[in-house]
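Right, one structure below, let's go through it.
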Amino acid sequence: MSDRLQDAIEILERLVAFPSISGRPNHDITGYVQDYLASHDIESSLSYEATGERANVFATIGPNVDGGVILNGHMDVVPVEGQVWRTDPFRLTRNGDRLCGRGSVDMKGFLACVLASAPTFKAANLAKPIHIAFSFDEEIGGYGMPVLLDWMADHAPRPAVVIVGE
């Protein structure tokens, strides 16, 4: 378990470093997520909004059947302009037993936990799938989810449960 915790912290450090501000292109963070999943032999797909500047990430671990669980979270964060930060908001810093950085709680911490768990999910003999669904632009109106849901209707099995890590 401590290895997974350390993995999650290292992933969180990478995720916080992406200034994935709502409404702005997010190819850097989606590329990182896809590369991380691919490094564990997990295929993923992107679904884009109309301009192609922002994308959602979707992956299925386990059998390609209906049922299973979606672990859902968003990759975007609110801007930092006009806010007082004692540290660089896009650099994960330790403050006692706390890890601080833009999005570390809402919601890159959950994303890091999901990604750190992906190798364990991959190694399990799953009867039902675990889906990873990371969206864009939640902070300004949830604009990524309709795009993702439309994509899923044509490309993914129907899940039984959705867990939103918010």
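Following the order of the structure tokens, first chain is A, next is B, and so on, with residues numbered from 1 inside each chain and ligands from 1 in the order they appear.
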
Mind checking which residues fall within 10 Å of A:Pro89, counting only C-alpha atoms, ignoring those fewer than 5 positions away in the same chain, and posting them as a VMD selection string?
-> chain A and resid 16 to 17 19 79 to 80 83 to 84 100 to 104

Strand (DSSP E or B) positions in stretch 107-161 of chain A, given as a list in words =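 Filtering stretch 107-161 of chain A to strand (DSSP E or B) leaves Ile130, His131, Ile132, Ala133, Phe134, Ser135 and Val161 of chain A.
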
Stretch 71-107 of chain A near stretch 112-133 of chain A within 8 Å: what's each residue's closest atom pair and its distance in Å to one decimal, counting only C-alpha atoms, ordered by chain then ascending residue number, as JSON lines?
```
{"residue": "A:Leu71", "atom": "CA", "partner": "A:Ile132", "partner_atom": "CA", "distance": 5.1}
{"residue": "A:Asn72", "atom": "CA", "partner": "A:Ala133", "partner_atom": "CA", "distance": 4.8}
{"residue": "A:Gly73", "atom": "CA", "partner": "A:Ala133", "partner_atom": "CA", "distance": 6.7}
```

Could those selected residues go to a file with N, CA and C atoms, as an mmCIF file, in the first residue's frame?
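Resulting contents of again18.cif:
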```cif
data_model
loop_
_atom_site.group_PDB
_atom_site.id
_atom_site.type_symbol
_atom_site.label_atom_id
_atom_site.label_comp_id
_atom_site.auth_asym_id
_atom_site.auth_seq_id
_atom_site.Cartn_x
_atom_site.Cartn_y
_atom_site.Cartn_z
ATOM 1 N N LEU A 71 -14.823 5.437 -12.677
ATOM 2 C CA LEU A 71 -14.172 6.345 -11.748
ATOM 3 C C LEU A 71 -14.001 7.662 -12.497
ATOM 4 N N ASN A 72 -14.769 8.658 -12.096
ATOM 5 C CA ASN A 72 -14.861 9.903 -12.851
ATOM 6 C C ASN A 72 -14.318 11.091 -12.074
ATOM 7 N N GLY A 73 -13.599 11.924 -12.776
ATOM 8 C CA GLY A 73 -13.107 13.170 -12.214
ATOM 9 C C GLY A 73 -12.788 14.145 -13.330
#
```

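Between A:Gly144 and the residues A:Val57, A:Val33, A:Val69, A:Leu15, the shortest atom-to-atom distance, using only C-alpha atoms, involves A:Val57.
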
Please give the complete set of residues from stretch 43-150 of chain A that DSSP, run on the backbone, assigns to helix (DSSP H, G or I), formatted as a PyMOL selection string.
-> chain A and resi 108-123+144-150

Compile the contact shell of A:Ala38 as a list in words: residues with an atom at most 12 Å away, counting only C-alpha atoms, same-chain residues fewer than 2 positions apart removed.
-> Gly31, Tyr32, Val33, Gln34, Asp35, Tyr36, His40, Asp41, Ile42, Glu43, Ser44, Ser45, Ala59, Thr60, Ile61, Leu115, Ala118, Pro119 and Lys122 of chain A
